[in-house]
Amino acid sequence: MAHTKSNPYLELIEIPAGYLNIMGYVDESEVNGPGCRAVVWVQGCSRECSSCFNPASWPFAINELIAIDSLAHKILSNPRNEGVTFSGGEPFWQAPALAQLARQLKSHGLNVMSFTGFTLEQLRSPYGPAGAQDLLGQLDLLIDGPYVESLAIHRPDSLVSSSNQQVHIFNPAMRDRLTWASDQIEIHVLKDGSRIVTGYHGQVNLTE
Ligand code: SF4
């Protein structure tokens, strides 16, 4: 009998079926995974890692609800997005919805990568978050483990932000695509003049 873990914070929040609660989104990022890709930052993380660069993603309260179908359409409508990266917040607390999104994108040939503060072993255990196996089954790449400040790596050639984190390659075709650097920063200026700063620790800062 499975004993998947439920999140007491999420139980208090109503995310309608078919929707994700996200913190942010960007197209054409080149510092959050292989090549040029969309990034979805989900809302909600309970880890409170010291020096987290994205503490605004911690609350589980509704930030922005977006229908999975709309998000898939948005990602696919930009032909420069060859894949998508799920970051956070903790993607695996919204694993069932992200698995649904991933399925739609993969059917159009995109690759899918996710960060997580869980270890792969925790995700695969019977006590992992609900839907974790389903999401893992859709991933080409996973970077697991929380950010640990005392183990931080500040090198332009490092794929991970702290040495406890690991890159798991589920799709062998991605083996020669491990070219990003977690220490790089990217600034996106959007049409409305707002800016998104991303890349460092795989996180995002949204500024008006
Ligand atoms: S670094 Fe990541 S796992 Fe840690 S608190 Fe921040 S969002 Fe959560």
# chains A, B, ... in the order shown; residues from 1 in each chain; ligands from 1

$ residues_near_ligand --ligand "ligand 1" --cutoff "9 Å" --atoms "only C-alpha atoms and all ligand atoms" --output "JSON, numbers by chain"
{"A": [43, 44, 45, 46, 47, 48, 49, 50, 51, 52, 53, 54, 55, 56, 57, 58, 87, 88, 89, 90, 115, 116, 117, 118, 145, 146, 147, 148, 201, 202, 203]}

$ residues_around --residues "Ile169 of chain A" --least-positions-apart "3" --cutoff "7 Å" --atoms "only C-alpha atoms" --output "VMD selection string"
chain A and resid 140 to 142 172 174 to 175

$ select_by_dssp --residues "chain A" --states "helix (DSSP H, G or I)" --output "number ranges by chain"
A: 8-11, 55-57, 68-76, 91-106, 120-124, 132-136, 149-151, 172-177, 200-202

$ write_last_selection --atoms "N, CA and C atoms" --output "compact mmCIF listing (two decimals), in the first residue's frame"
# COMPACT_ATOMS: atom_id res chain seq x y z
N PRO A 8 0.87 19.58 4.25
CA PRO A 8 -0.18 20.22 5.05
C PRO A 8 -0.47 21.65 4.59
N TYR A 9 0.53 22.33 4.02
CA TYR A 9 0.29 23.68 3.51
C TYR A 9 -0.64 23.64 2.31
N LEU A 10 -0.34 22.66 1.42
CA LEU A 10 -1.13 22.58 0.19
C LEU A 10 -2.56 22.17 0.46
N GLU A 11 -2.76 21.40 1.53
CA GLU A 11 -4.12 20.96 1.82
C GLU A 11 -5.03 22.13 2.16
N PRO A 55 13.14 33.57 -1.83
CA PRO A 55 12.23 33.36 -0.69
C PRO A 55 10.79 33.75 -0.99
N ALA A 56 10.57 34.58 -1.99
CA ALA A 56 9.19 34.92 -2.35
C ALA A 56 8.43 33.71 -2.86
N SER A 57 9.15 32.66 -3.20
CA SER A 57 8.48 31.44 -3.68
C SER A 57 8.05 30.54 -2.53
N ILE A 68 -3.20 24.41 -17.17
CA ILE A 68 -2.12 23.61 -17.77
C ILE A 68 -2.16 23.74 -19.29
N ASP A 69 -3.34 23.69 -19.88
CA ASP A 69 -3.45 23.79 -21.34
C ASP A 69 -2.93 25.14 -21.84
N SER A 70 -3.24 26.21 -21.10
CA SER A 70 -2.79 27.55 -21.52
C SER A 70 -1.27 27.65 -21.43
N LEU A 71 -0.72 27.07 -20.37
CA LEU A 71 0.73 27.13 -20.20
C LEU A 71 1.43 26.32 -21.29
N ALA A 72 0.88 25.17 -21.62
CA ALA A 72 1.46 24.36 -22.69
C ALA A 72 1.44 25.14 -24.00
N HIS A 73 0.31 25.80 -24.26
CA HIS A 73 0.18 26.57 -25.49
C HIS A 73 1.21 27.70 -25.53
N LYS A 74 1.36 28.37 -24.38
CA LYS A 74 2.31 29.49 -24.27
C LYS A 74 3.74 29.00 -24.57
N ILE A 75 4.12 27.90 -23.98
CA ILE A 75 5.48 27.38 -24.17
C ILE A 75 5.69 26.96 -25.63
N LEU A 76 4.69 26.28 -26.20
CA LEU A 76 4.82 25.77 -27.56
C LEU A 76 4.76 26.88 -28.60
N PRO A 91 8.86 22.04 -7.19
CA PRO A 91 8.01 21.48 -8.25
C PRO A 91 7.24 20.23 -7.82
N PHE A 92 7.85 19.38 -6.99
CA PHE A 92 7.19 18.10 -6.72
C PHE A 92 5.98 18.21 -5.81
N TRP A 93 5.74 19.38 -5.20
CA TRP A 93 4.47 19.53 -4.47
C TRP A 93 3.31 19.76 -5.45
N GLN A 94 3.62 20.01 -6.72
CA GLN A 94 2.56 20.12 -7.74
C GLN A 94 2.85 19.09 -8.85
N ALA A 95 3.35 17.94 -8.43
CA ALA A 95 3.80 16.94 -9.40
C ALA A 95 2.70 16.47 -10.37
N PRO A 96 1.47 16.19 -9.90
CA PRO A 96 0.48 15.68 -10.87
C PRO A 96 0.22 16.68 -12.01
N ALA A 97 0.12 17.96 -11.67
CA ALA A 97 -0.16 18.96 -12.71
C ALA A 97 1.06 19.14 -13.63
N LEU A 98 2.25 19.11 -13.06
CA LEU A 98 3.46 19.25 -13.89
C LEU A 98 3.65 18.04 -14.80
N ALA A 99 3.27 16.85 -14.30
CA ALA A 99 3.37 15.65 -15.15
C ALA A 99 2.43 15.79 -16.36
N GLN A 100 1.26 16.33 -16.10
CA GLN A 100 0.29 16.54 -17.19
C GLN A 100 0.85 17.54 -18.21
N LEU A 101 1.44 18.63 -17.71
CA LEU A 101 2.05 19.62 -18.60
C LEU A 101 3.19 18.98 -19.39
N ALA A 102 4.04 18.22 -18.70
CA ALA A 102 5.20 17.59 -19.34
C ALA A 102 4.76 16.66 -20.46
N ARG A 103 3.69 15.89 -20.21
CA ARG A 103 3.19 14.96 -21.24
C ARG A 103 2.81 15.72 -22.51
N GLN A 104 2.12 16.82 -22.33
CA GLN A 104 1.69 17.62 -23.49
C GLN A 104 2.90 18.13 -24.25
N LEU A 105 3.90 18.63 -23.54
CA LEU A 105 5.07 19.22 -24.20
C LEU A 105 5.91 18.14 -24.88
N LYS A 106 6.06 17.00 -24.23
CA LYS A 106 6.88 15.94 -24.81
C LYS A 106 6.24 15.37 -26.08
N LEU A 120 16.49 12.15 -5.07
CA LEU A 120 15.81 11.19 -5.95
C LEU A 120 15.32 9.98 -5.13
N GLU A 121 16.12 9.57 -4.17
CA GLU A 121 15.73 8.44 -3.32
C GLU A 121 14.42 8.75 -2.57
N GLN A 122 14.30 9.97 -2.06
CA GLN A 122 13.06 10.35 -1.36
C GLN A 122 11.88 10.35 -2.33
N LEU A 123 12.12 10.86 -3.53
CA LEU A 123 11.02 10.93 -4.50
C LEU A 123 10.55 9.53 -4.90
N ARG A 124 11.49 8.58 -4.93
CA ARG A 124 11.14 7.21 -5.35
C ARG A 124 10.59 6.37 -4.21
N ALA A 132 4.78 11.88 -7.56
CA ALA A 132 6.21 12.01 -7.86
C ALA A 132 6.65 11.01 -8.94
N GLN A 133 6.17 9.79 -8.85
CA GLN A 133 6.60 8.77 -9.84
C GLN A 133 6.16 9.16 -11.24
N ASP A 134 4.95 9.69 -11.32
CA ASP A 134 4.41 10.09 -12.61
C ASP A 134 5.27 11.20 -13.23
N LEU A 135 5.62 12.19 -12.41
CA LEU A 135 6.45 13.29 -12.93
C LEU A 135 7.85 12.78 -13.28
N LEU A 136 8.43 11.95 -12.42
CA LEU A 136 9.76 11.41 -12.71
C LEU A 136 9.75 10.68 -14.06
N GLU A 149 24.06 26.08 1.76
CA GLU A 149 24.97 27.23 1.65
C GLU A 149 26.43 26.85 1.94
N SER A 150 26.63 25.98 2.94
CA SER A 150 28.01 25.63 3.31
C SER A 150 28.69 24.77 2.25
N LEU A 151 27.90 24.24 1.31
CA LEU A 151 28.46 23.41 0.23
C LEU A 151 28.38 24.13 -1.12
N PRO A 172 19.29 9.30 -22.22
CA PRO A 172 20.70 9.27 -22.64
C PRO A 172 21.01 10.30 -23.72
N ALA A 173 20.02 10.71 -24.50
CA ALA A 173 20.26 11.70 -25.56
C ALA A 173 20.68 13.05 -24.98
N MET A 174 20.45 13.24 -23.68
CA MET A 174 20.80 14.52 -23.05
C MET A 174 22.24 14.52 -22.52
N ARG A 175 22.91 13.40 -22.64
CA ARG A 175 24.24 13.28 -22.03
C ARG A 175 25.22 14.34 -22.51
N ASP A 176 25.16 14.69 -23.77
CA ASP A 176 26.11 15.70 -24.28
C ASP A 176 25.49 17.10 -24.30
N ARG A 177 24.40 17.28 -23.53
CA ARG A 177 23.74 18.59 -23.50
C ARG A 177 23.91 19.29 -22.14
N TYR A 200 21.03 32.32 -11.27
CA TYR A 200 21.82 32.04 -10.09
C TYR A 200 21.03 31.13 -9.16
N HIS A 201 21.55 29.94 -8.89
CA HIS A 201 20.88 28.93 -8.07
C HIS A 201 19.61 28.42 -8.73
N GLY A 202 19.46 28.64 -10.05
CA GLY A 202 18.26 28.18 -10.72
C GLY A 202 17.02 28.90 -10.25

$ atom_distance --atom1 "atom CA of Ile143 of chain A" --atom2 "atom CA of Pro16 of chain A"
27.8 Å

$ closest_residue --among "A:Asn111, A:Arg155, A:Phe170, A:Gly83" --to "Gly137 of chain A" --atoms "only C-alpha atoms"
A:Phe170

$ atom_distance --atom1 "atom CA of Glu82 of chain A" --atom2 "atom CA of Pro156 of chain A"
22.8 Å

$ select_by_dssp --residues "segment 98-131 of chain A" --states "strand (DSSP E or B)" --output "PyMOL selection string"
chain A and resi 111-115+129

$ write_last_selection --atoms "N, CA and C atoms" --output "PDB file, in the first residue's frame"
ATOM      1  N   ASN A 111      11.965  18.689 -24.540  1.00  0.00           N
ATOM      2  CA  ASN A 111      12.531  17.947 -23.405  1.00  0.00           C
ATOM      3  C   ASN A 111      12.155  18.632 -22.099  1.00  0.00           C
ATOM      4  N   VAL A 112      12.192  17.869 -21.011  1.00  0.00           N
ATOM      5  CA  VAL A 112      11.699  18.378 -19.719  1.00  0.00           C
ATOM      6  C   VAL A 112      12.719  18.091 -18.619  1.00  0.00           C
ATOM      7  N   MET A 113      13.006  19.122 -17.853  1.00  0.00           N
ATOM      8  CA  MET A 113      13.968  19.008 -16.747  1.00  0.00           C
ATOM      9  C   MET A 113      13.328  19.610 -15.501  1.00  0.00           C
ATOM     10  N   SER A 114      13.727  19.120 -14.326  1.00  0.00           N
ATOM     11  CA  SER A 114      13.197  19.707 -13.094  1.00  0.00           C
ATOM     12  C   SER A 114      14.283  19.799 -12.028  1.00  0.00           C
ATOM     13  N   PHE A 115      14.204  20.859 -11.254  1.00  0.00           N
ATOM     14  CA  PHE A 115      14.934  20.952  -9.994  1.00  0.00           C
ATOM     15  C   PHE A 115      14.014  20.422  -8.901  1.00  0.00           C
ATOM     16  N   PRO A 129       6.288  12.685  -2.413  1.00  0.00           N
ATOM     17  CA  PRO A 129       5.087  13.486  -2.652  1.00  0.00           C
ATOM     18  C   PRO A 129       4.141  12.796  -3.641  1.00  0.00           C
TER      19      PRO A 129
END

$ closest_residue --among "A:Ala61, A:Ala67, A:Ile153, A:Val39" --to "Leu20 of chain A" --atoms "only C-alpha atoms"
A:Ala67

$ residues_around --residues "segment 22-31 of chain A" --least-positions-apart "4" --cutoff "7 Å" --atoms "only C-alpha atoms" --output "PyMOL selection string"
chain A and resi 35-43+57+63-65+80-81+180-182+184+186+199

$ write_last_selection --atoms "N, CA and C atoms" --output "short mmCIF file (atom, residue, chain, number, x, y, z; two decimals), in the first residue's frame"
data_model
loop_
_atom_site.label_atom_id
_atom_site.label_comp_id
_atom_site.auth_asym_id
_atom_site.auth_seq_id
_atom_site.Cartn_x
_atom_site.Cartn_y
_atom_site.Cartn_z
N GLY A 35 20.41 24.25 -23.72
CA GLY A 35 19.91 25.05 -24.84
C GLY A 35 19.04 26.20 -24.40
N CYS A 36 18.04 26.47 -25.24
CA CYS A 36 17.14 27.60 -25.04
C CYS A 36 15.79 27.04 -24.60
N ARG A 37 15.26 27.50 -23.46
CA ARG A 37 14.09 26.81 -22.91
C ARG A 37 13.21 27.73 -22.08
N ALA A 38 11.98 27.32 -21.93
CA ALA A 38 11.06 28.00 -21.02
C ALA A 38 11.37 27.56 -19.60
N VAL A 39 11.06 28.42 -18.65
CA VAL A 39 11.21 28.07 -17.23
C VAL A 39 9.90 28.38 -16.52
N VAL A 40 9.43 27.43 -15.73
CA VAL A 40 8.23 27.63 -14.91
C VAL A 40 8.66 27.54 -13.45
N TRP A 41 8.49 28.62 -12.69
CA TRP A 41 8.77 28.61 -11.27
C TRP A 41 7.46 28.39 -10.53
N VAL A 42 7.33 27.28 -9.85
CA VAL A 42 6.09 27.03 -9.12
C VAL A 42 6.13 27.76 -7.79
N GLN A 43 4.95 28.00 -7.25
CA GLN A 43 4.83 28.71 -5.97
C GLN A 43 4.75 27.69 -4.83
N SER A 57 9.15 32.66 -3.20
CA SER A 57 8.48 31.44 -3.68
C SER A 57 8.05 30.54 -2.53
N ASN A 63 -0.63 32.48 -5.89
CA ASN A 63 0.06 33.63 -6.47
C ASN A 63 -0.49 33.91 -7.87
N GLU A 64 -0.31 32.95 -8.76
CA GLU A 64 -0.87 33.07 -10.11
C GLU A 64 -1.34 31.70 -10.55
N LEU A 65 -2.63 31.58 -10.77
CA LEU A 65 -3.17 30.32 -11.27
C LEU A 65 -3.15 30.34 -12.79
N ARG A 80 11.52 28.96 -30.21
CA ARG A 80 12.89 28.89 -29.69
C ARG A 80 12.98 28.03 -28.42
N ASN A 81 11.83 27.75 -27.79
CA ASN A 81 11.86 26.89 -26.60
C ASN A 81 12.02 25.42 -27.03
N TRP A 180 25.03 24.01 -19.28
CA TRP A 180 24.70 25.26 -18.60
C TRP A 180 25.59 25.44 -17.37
N ALA A 181 25.60 26.65 -16.81
CA ALA A 181 26.38 26.92 -15.59
C ALA A 181 25.48 27.58 -14.58
N SER A 182 25.41 27.00 -13.39
CA SER A 182 24.47 27.49 -12.39
C SER A 182 24.85 28.87 -11.85
N GLN A 184 25.70 31.50 -13.64
CA GLN A 184 25.46 32.59 -14.59
C GLN A 184 24.14 33.29 -14.29
N GLU A 186 21.06 35.85 -15.96
CA GLU A 186 20.43 36.26 -17.21
C GLU A 186 19.35 37.28 -16.85
N GLY A 199 18.88 32.57 -13.14
CA GLY A 199 20.08 31.78 -13.43
C GLY A 199 20.81 31.38 -12.18
#

$ closest_residue --among "A:Pro34, A:Pro59, A:Gly131, A:Gly109" --to "Thr85 of chain A" --atoms "only C-alpha atoms"
A:Pro34
